[in-house]
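Asker: Let me begin by handing over the structure; questions about it come next.
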Amino acid sequence: MTAFDLRPTLNAPDDDPYLWLEDVEGERALDWAASQSARTLEHFDGTQFERDHDALTAIFDRLDNIPLITRRGQHLYNLWRDARNPRGLWRRTTLAAYMTADPQWEPLLDLDALAARDSEDWIWGGASVEPDKRERAVLRLSRGGSAAVAHREFDLGTLSLVADGFNLPEAKGGINWLDPDTLLLSSAFGDGMATRCGYARTVRLWKRGADPLTAPVIFETGSESLGVSGHLDRTAESERLWFIERPAFFEKIIRIGDRSGPKMQIDLPRDAWWNGFGDWLAVKPRKPWTVGGTTHAADTLIGISLSSFIAGKRDFSTLFEPGDRRSLQSFFWNDCKLIISYLVNLVPRFEMFTPGRQEWTRLALETVPTEGTVSLWPLDAERHVSNGEVLVSAQDPITPPQLFLFDLNARPLGAPVILKRHPENFDASGLAVTRHEAVATDGEMIPYTQVGPANSDGDAPLHLTAYGGFGISCLPSYNSPLGKLWLERGGTCVVANIRGGGEFGTRWHEAGRREGKRLAHDDFAAVATDLVRRGITRSRRIAAEGCSNGGLLIANMLTRYPELFGALFCAVPLIDMRRYTKLFGAGGIGEYGDPDKPEDWTFLREISAYHAATPGQPYPPILLATTKRDDRVHPGHARKTAAKLQALGYPAYFYEASAGGHGYGKNNRERAAFVALGHNFLRSAIGWRADSGR
């Protein structure tokens, strides 16, 4: 009888023989990761992998993909990646040019050339353009895609970096322009400037030419907080700074002040969503809030004059009321108008509110598309110059996205004007999109969307995914890789709306948070069971995939529901729930709980698949994939779990990309390789020959 090393176990969770794999750059750990990755590629990188890799790279590099844009002043800015610009080309054009079939772009920065010149693995992290003169920008450059970034000031006139400008070494955090010569610095750079999560503990006033390490601190918090930030509100009549302290992931303490620091705390619930414009404030409490003699239900959207609120008034106007399957998804301001997005049983709806001293005027945005997955967001990066123009994206699993321009000030309110159409990247003929519900263990109905052939023979090669965390809604969209590698070849794809997400508001999220996380995983298993019950497929033909929080889900399917799946792809995952707070994960305590507290470890141990794995179980084949430069979810989770599973005799494969951060690669070719490898593994493990279609 084979003697297995079972460590770590649920009864002895701290006796971990694989701690050495947490050393991200350790020679022994890197050698192990390299040999494991080579072994995985040897198994799954054959001719079909190369075909898939090339097909996906071509899709990602298409010159007719929609360039996503943000307007700053008279220009639309875009970061473009293709075969010639794998890291990206930062460029700009005008709205009039963008609306033509072949717009002319002004190149600003070639990131590939910059990386070569600096001998650095630079990945684009964004840019903050100074909003008054718009002559300078501060670039965010990441090494290998990590969350920590280096800041470099860039001259938009000479198209060159400013040698003695606002330049900052690598750290987590950011900046906000106060004027062309002054920044608010919310960065973990400097001794004692980071919280336990690695984010900024202070807000500093950084003047041009000064040493950031000696810049005066105008606001700070303790190291146990998640972090702080500050920004200038240019919609206010006089200069007003907002200071945001985040004690925990779902909590914010709001203060307003000036360049000397905060002067007043705004008396809002810590867990409320809020957004202001000028003298107006919109608030969505996460829990029932009794104020001014009125109780506002959780997820209700209410509005009030900010100056009145500061003066002590609490006569909020009710703008949106939730229902059992009616939930607010987002709200933002544009030209002193509040635009809200909500779902009614997963169907999108949009409304606009204009505040007034007596009442708020409501207008349903009925000309916005309401089929499939639809999103609205501001065209302008700077709210104080917004003019009522917003962007709209509409898509569904078999219809590519379309990008529209919508003018909220037009009267009568017309239909959005189409700007760009995404190309069709796979053959969707014969595919049907249907909606279903599975019965959860506690009787809750769990929705899921199925895409595939209209008729099933009961043996469909089925790809199943979900997320179920942080209140994030996981809505079905046009997924080119899945379409090309799965749907086009006769497979079926399913997206499940398990609890922990935000599809049905705070109630849905709370049910799958902390001690409810196990229940969210049960929801996923219920969907897999329902697909078999309905005669769509068999368990051994279900290939499940999840990333990040979804990787935790997939790892729990391995240990808790192995009989329901034929293969599992676990990407950039969170798995070791005993040590996750020590592995970049302290910011997730609000979602998962604190393993250092015995009462929290009681329920966390139930979802710590790393500890729960034991020998002799019917575990399906699993691929655990990560990136070395992921500083959000430590690569040690995937490394250690793969090592333990292999030691227990299971078919566990491991792959680690050298870069990519908390994603699938630093450029289109790497991203294509990551996805192609995962799907080639899944198809092989469930016995599906892609060339035969079955």
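Labels for the structure tokens follow display order: chains A, B, ..., residues from 1 in each chain, ligands from 1.
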Excluding Ile446 of chain A and its own-chain neighbours fewer than 3 positions away, which residues fall within 8 Å of it when counting only C-alpha atoms? Please give them as a list of chain:residue names.

Answerer: A:Glu437, A:Ala438, A:Val439, A:Ala440, A:Ala496, A:Asn497, A:Ile498, A:Arg499, A:Asp523, A:Val527

Asker: Would you save the residues from that selection as a tab-separated table (two decimals), in the first residue's frame, using N, CA and C atoms?

Answerer:
```tsv
chain	number	residue	atom	x	y	z
A	437	GLU	N	-32.72	27.45	-14.91
A	437	GLU	CA	-32.47	27.61	-13.49
A	437	GLU	C	-32.32	26.24	-12.84
A	438	ALA	N	-31.35	26.15	-11.95
A	438	ALA	CA	-31.12	24.92	-11.18
A	438	ALA	C	-31.58	25.15	-9.75
A	439	VAL	N	-31.99	24.07	-9.08
A	439	VAL	CA	-32.44	24.16	-7.70
A	439	VAL	C	-31.24	23.92	-6.78
A	440	ALA	N	-30.93	24.93	-5.95
A	440	ALA	CA	-29.80	24.83	-5.03
A	440	ALA	C	-30.15	23.94	-3.84
A	496	ALA	N	-22.86	30.35	-15.16
A	496	ALA	CA	-23.78	30.22	-14.02
A	496	ALA	C	-23.73	31.47	-13.15
A	497	ASN	N	-24.89	31.91	-12.69
A	497	ASN	CA	-25.00	33.09	-11.83
A	497	ASN	C	-25.15	32.66	-10.38
A	498	ILE	N	-24.06	32.10	-9.84
A	498	ILE	CA	-24.10	31.58	-8.48
A	498	ILE	C	-24.05	32.71	-7.46
A	499	ARG	N	-24.45	32.41	-6.23
A	499	ARG	CA	-24.42	33.42	-5.18
A	499	ARG	C	-22.99	33.84	-4.85
A	523	ASP	N	-23.96	25.94	-5.28
A	523	ASP	CA	-24.77	26.41	-6.41
A	523	ASP	C	-24.18	25.95	-7.73
A	527	VAL	N	-25.82	23.48	-10.69
A	527	VAL	CA	-25.95	23.73	-12.13
A	527	VAL	C	-25.39	22.54	-12.92
```

Asker: Residues at most 7 Å from Tyr467 of chain A, counting only C-alpha atoms, excluding those fewer than 6 positions away in the same chain, as JSON, numbers by chain?

Answerer: {"A": [474, 546, 549, 550]}

Asker: How about saving the chosen residues, N, CA and C atoms kept, as a short mmCIF file (atom, residue, chain, number, x, y, z; two decimals), in the first residue's frame?

Answerer:
```cif
data_model
loop_
_atom_site.label_atom_id
_atom_site.label_comp_id
_atom_site.auth_asym_id
_atom_site.auth_seq_id
_atom_site.Cartn_x
_atom_site.Cartn_y
_atom_site.Cartn_z
N CYS A 474 -21.74 38.26 -13.18
CA CYS A 474 -21.10 37.48 -14.24
C CYS A 474 -22.14 37.24 -15.34
N GLY A 546 -12.42 28.31 -13.96
CA GLY A 546 -12.61 29.50 -13.14
C GLY A 546 -11.28 30.14 -12.84
N ASN A 549 -11.02 34.28 -7.73
CA ASN A 549 -12.04 33.74 -6.84
C ASN A 549 -12.73 32.55 -7.47
N GLY A 550 -12.87 32.57 -8.79
CA GLY A 550 -13.41 31.41 -9.51
C GLY A 550 -12.47 30.23 -9.46
#
```

Asker: For Trp280 of chain A, which of A:Ser307, A:Thr300, A:Ser260, A:Ser238 is the closest residue, counting only C-alpha atoms?

Answerer: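 Looking at the shortest contact to Trp280 of chain A, the residue is A:Ser307.
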
Asker: Do you know which residues are at most 7 Å from Ala544 of chain A counting only C-alpha atoms, after dropping those on the same chain fewer than 4 positions away, and could you put them as a list of chain:residue names?

Answerer: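 Close residues of Ala544 of chain A: A:His463, A:Leu464, A:Thr465, A:Ala567, A:Leu568, A:Phe569.
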
Asker: So that I can check the surroundings of segment 254-257 of chain A, please list as a VMD selection string every protein, DNA and RNA residue that reaches within 8 Å of it, counting only C-alpha atoms and ignoring chain neighbours fewer than 2 positions away.

Answerer: chain A and resid 240 to 245 252 259 to 268

Asker: Out of segment 391-550 of chain A, which residues get helix (DSSP H, G or I) from DSSP, as a PyMOL selection string?

Answerer: chain A and resi 480-487+506-511+514-533+539-541+549-550

Asker: Restricting the output to N, CA and C atoms, write the selected residues as a compact mmCIF listing (two decimals), in the first residue's frame.

Answerer:
```
# COMPACT_ATOMS: atom_id res chain seq x y z
N SER A 480 -14.82 35.37 -27.61
CA SER A 480 -14.19 34.88 -28.86
C SER A 480 -13.39 33.61 -28.66
N PRO A 481 -12.55 33.48 -27.61
CA PRO A 481 -11.81 32.22 -27.43
C PRO A 481 -12.73 31.01 -27.25
N LEU A 482 -13.75 31.15 -26.40
CA LEU A 482 -14.68 30.03 -26.21
C LEU A 482 -15.44 29.74 -27.50
N GLY A 483 -15.82 30.79 -28.20
CA GLY A 483 -16.54 30.58 -29.44
C GLY A 483 -15.71 29.83 -30.46
N LYS A 484 -14.43 30.20 -30.58
CA LYS A 484 -13.57 29.59 -31.58
C LYS A 484 -13.15 28.18 -31.19
N LEU A 485 -12.81 27.97 -29.92
CA LEU A 485 -12.24 26.70 -29.49
C LEU A 485 -13.29 25.72 -28.98
N TRP A 486 -14.49 26.19 -28.72
CA TRP A 486 -15.49 25.29 -28.14
C TRP A 486 -16.80 25.28 -28.94
N LEU A 487 -17.44 26.44 -29.08
CA LEU A 487 -18.76 26.49 -29.71
C LEU A 487 -18.69 26.14 -31.20
N THR A 506 -27.31 42.97 -3.03
CA THR A 506 -26.56 42.63 -1.83
C THR A 506 -27.00 41.29 -1.25
N ARG A 507 -28.28 41.00 -1.31
CA ARG A 507 -28.77 39.72 -0.78
C ARG A 507 -28.05 38.55 -1.44
N TRP A 508 -27.86 38.64 -2.73
CA TRP A 508 -27.21 37.57 -3.50
C TRP A 508 -25.74 37.47 -3.13
N HIS A 509 -25.10 38.62 -2.98
CA HIS A 509 -23.69 38.62 -2.58
C HIS A 509 -23.52 38.09 -1.17
N GLU A 510 -24.31 38.60 -0.22
CA GLU A 510 -24.16 38.20 1.17
C GLU A 510 -24.36 36.70 1.35
N ALA A 511 -25.26 36.12 0.56
CA ALA A 511 -25.52 34.68 0.69
C ALA A 511 -24.31 33.84 0.31
N ARG A 514 -18.18 34.98 2.99
CA ARG A 514 -17.73 34.44 4.27
C ARG A 514 -18.26 33.00 4.47
N GLU A 515 -19.04 32.75 5.51
CA GLU A 515 -19.52 31.39 5.75
C GLU A 515 -20.45 30.89 4.65
N GLY A 516 -20.93 31.84 3.81
CA GLY A 516 -21.78 31.45 2.68
C GLY A 516 -21.01 31.03 1.45
N LYS A 517 -19.68 31.15 1.46
CA LYS A 517 -18.90 30.80 0.27
C LYS A 517 -19.09 29.34 -0.10
N ARG A 518 -19.21 28.49 0.89
CA ARG A 518 -19.44 27.07 0.63
C ARG A 518 -20.77 26.87 -0.11
N LEU A 519 -21.77 27.67 0.26
CA LEU A 519 -23.07 27.59 -0.39
C LEU A 519 -22.98 28.02 -1.85
N ALA A 520 -22.17 29.05 -2.13
CA ALA A 520 -21.97 29.48 -3.52
C ALA A 520 -21.38 28.35 -4.35
N HIS A 521 -20.45 27.60 -3.75
CA HIS A 521 -19.87 26.46 -4.46
C HIS A 521 -20.91 25.36 -4.67
N ASP A 522 -21.80 25.19 -3.71
CA ASP A 522 -22.90 24.23 -3.88
C ASP A 522 -23.78 24.63 -5.07
N ASP A 523 -23.96 25.94 -5.28
CA ASP A 523 -24.77 26.41 -6.41
C ASP A 523 -24.18 25.95 -7.73
N PHE A 524 -22.86 26.02 -7.84
CA PHE A 524 -22.19 25.61 -9.07
C PHE A 524 -22.40 24.12 -9.31
N ALA A 525 -22.28 23.35 -8.26
CA ALA A 525 -22.52 21.90 -8.37
C ALA A 525 -23.96 21.63 -8.77
N ALA A 526 -24.90 22.45 -8.27
CA ALA A 526 -26.30 22.27 -8.62
C ALA A 526 -26.53 22.50 -10.12
N VAL A 527 -25.82 23.48 -10.69
CA VAL A 527 -25.95 23.73 -12.13
C VAL A 527 -25.39 22.54 -12.92
N ALA A 528 -24.24 22.03 -12.51
CA ALA A 528 -23.67 20.85 -13.20
C ALA A 528 -24.64 19.68 -13.13
N THR A 529 -25.26 19.48 -11.98
CA THR A 529 -26.23 18.40 -11.81
C THR A 529 -27.44 18.60 -12.71
N ASP A 530 -27.90 19.85 -12.81
CA ASP A 530 -29.08 20.15 -13.62
C ASP A 530 -28.82 19.91 -15.10
N LEU A 531 -27.62 20.18 -15.57
CA LEU A 531 -27.28 19.95 -16.97
C LEU A 531 -27.36 18.47 -17.32
N VAL A 532 -26.97 17.63 -16.39
CA VAL A 532 -27.09 16.18 -16.59
C VAL A 532 -28.55 15.78 -16.51
N ARG A 533 -29.28 16.31 -15.53
CA ARG A 533 -30.70 15.98 -15.36
C ARG A 533 -31.51 16.33 -16.61
N SER A 539 -21.67 13.81 -16.69
CA SER A 539 -20.70 14.44 -15.79
C SER A 539 -19.28 14.38 -16.34
N ARG A 540 -18.89 13.24 -16.88
CA ARG A 540 -17.51 13.11 -17.35
C ARG A 540 -17.22 13.99 -18.56
N ARG A 541 -18.26 14.60 -19.14
CA ARG A 541 -18.08 15.48 -20.29
C ARG A 541 -18.13 16.96 -19.90
N ASN A 549 -11.02 34.28 -7.73
CA ASN A 549 -12.04 33.74 -6.84
C ASN A 549 -12.73 32.55 -7.47
N GLY A 550 -12.87 32.57 -8.79
CA GLY A 550 -13.41 31.41 -9.51
C GLY A 550 -12.47 30.23 -9.46
```

Asker: Please list as a PyMOL selection string every residue within 10 Å of Gly663 of chain A, counting only C-alpha atoms and excluding residues in the same chain fewer than 3 positions away.

Answerer: chain A and resi 145-146+547-548+571-572+626-627+629-630+657+659-660+666+671+674

Asker: Any chance you could export the current selection's C-alpha atoms as an mmCIF file, in the first residue's frame?

Answerer:
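Done, and the output landed in result07.cif:
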```cif
data_model
loop_
_atom_site.group_PDB
_atom_site.id
_atom_site.type_symbol
_atom_site.label_atom_id
_atom_site.label_comp_id
_atom_site.auth_asym_id
_atom_site.auth_seq_id
_atom_site.Cartn_x
_atom_site.Cartn_y
_atom_site.Cartn_z
ATOM 1 C CA GLY A 145 1.825 43.051 -15.222
ATOM 2 C CA SER A 146 2.037 43.302 -11.434
ATOM 3 C CA CYS A 547 -10.034 32.160 -12.360
ATOM 4 C CA SER A 548 -9.057 34.073 -9.212
ATOM 5 C CA ALA A 571 -6.447 29.724 -13.283
ATOM 6 C CA VAL A 572 -4.598 32.321 -11.138
ATOM 7 C CA THR A 626 -0.725 31.023 -12.725
ATOM 8 C CA THR A 627 1.796 33.763 -13.481
ATOM 9 C CA ARG A 629 4.268 38.260 -11.573
ATOM 10 C CA ASP A 630 0.842 37.957 -9.933
ATOM 11 C CA ALA A 657 3.658 32.087 -17.262
ATOM 12 C CA ALA A 659 4.562 37.505 -16.657
ATOM 13 C CA GLY A 660 1.012 38.749 -16.938
ATOM 14 C CA LYS A 666 1.427 40.298 -20.901
ATOM 15 C CA ARG A 671 -2.713 35.336 -23.524
ATOM 16 C CA PHE A 674 -2.522 30.445 -21.799
#
```

Asker: Taking 4 positions as the minimum chain separation for residues in the same chain, which residues sit within 12 Å of Asp132 of chain A when counting only C-alpha atoms? Answer as a PyMOL selection string.

Answerer: chain A and resi 72-73+128+136-137+177-181+234+382+384-385

Asker: Given the selection you just returned, output its residues as a file containing C-alpha atoms, formatted as a compact mmCIF listing (two decimals), in the first residue's frame.

Answerer:
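Output file part.txt is given in full below:
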```
# COMPACT_ATOMS: atom_id res chain seq x y z
CA ARG A 72 -9.78 64.01 -22.53
CA GLY A 73 -10.40 67.48 -23.94
CA SER A 128 -3.38 60.20 -15.71
CA ARG A 136 1.48 66.41 -19.27
CA ALA A 137 0.51 62.92 -18.16
CA TRP A 177 -3.52 65.95 -10.24
CA LEU A 178 -4.29 69.08 -8.22
CA ASP A 179 -2.68 71.46 -10.73
CA PRO A 180 0.13 71.20 -13.29
CA ASP A 181 2.73 71.42 -10.52
CA ARG A 234 -13.50 69.68 -9.99
CA GLU A 382 -13.10 64.09 -16.38
CA HIS A 384 -16.40 68.27 -14.69
CA VAL A 385 -16.30 68.66 -18.49
```

Asker: Tell me which protein, DNA and RNA residues are within 12 Å of Ala210 of chain A, counting only C-alpha atoms, leaving out same-chain ones fewer than 2 positions away, and put them as a PyMOL selection string.

Answerer: chain A and resi 164-168+181-183+204-208+212-216

Asker: Give the answer as one residue: which of A:Pro423, A:Pro476, A:Pro461, A:Gly500 has the shortest atom-to-atom distance to Ile59 of chain A, using only C-alpha atoms?

Answerer: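 Smallest distance to Ile59 of chain A is found for A:Pro423.
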
Asker: List every residue of segment 317-450 of chain A that DSSP, applied to the backbone, labels as strand (DSSP E), and write the result as an MDAnalysis selection string.

Answerer: chainID A and resid 317:320 326:334 337:344 347:354 361:364 373:378 389:396 399:407 417:421 431:439 445:450

Asker: Given only C-alpha atoms as the basis, pick out the residue of A:Gly278, A:Gly687, A:Pro453, A:Gly209 nearest to Ala236 of chain A.

Answerer: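 Looking only at the distances to Ala236 of chain A, the closest residue turns out to be A:Gly278.
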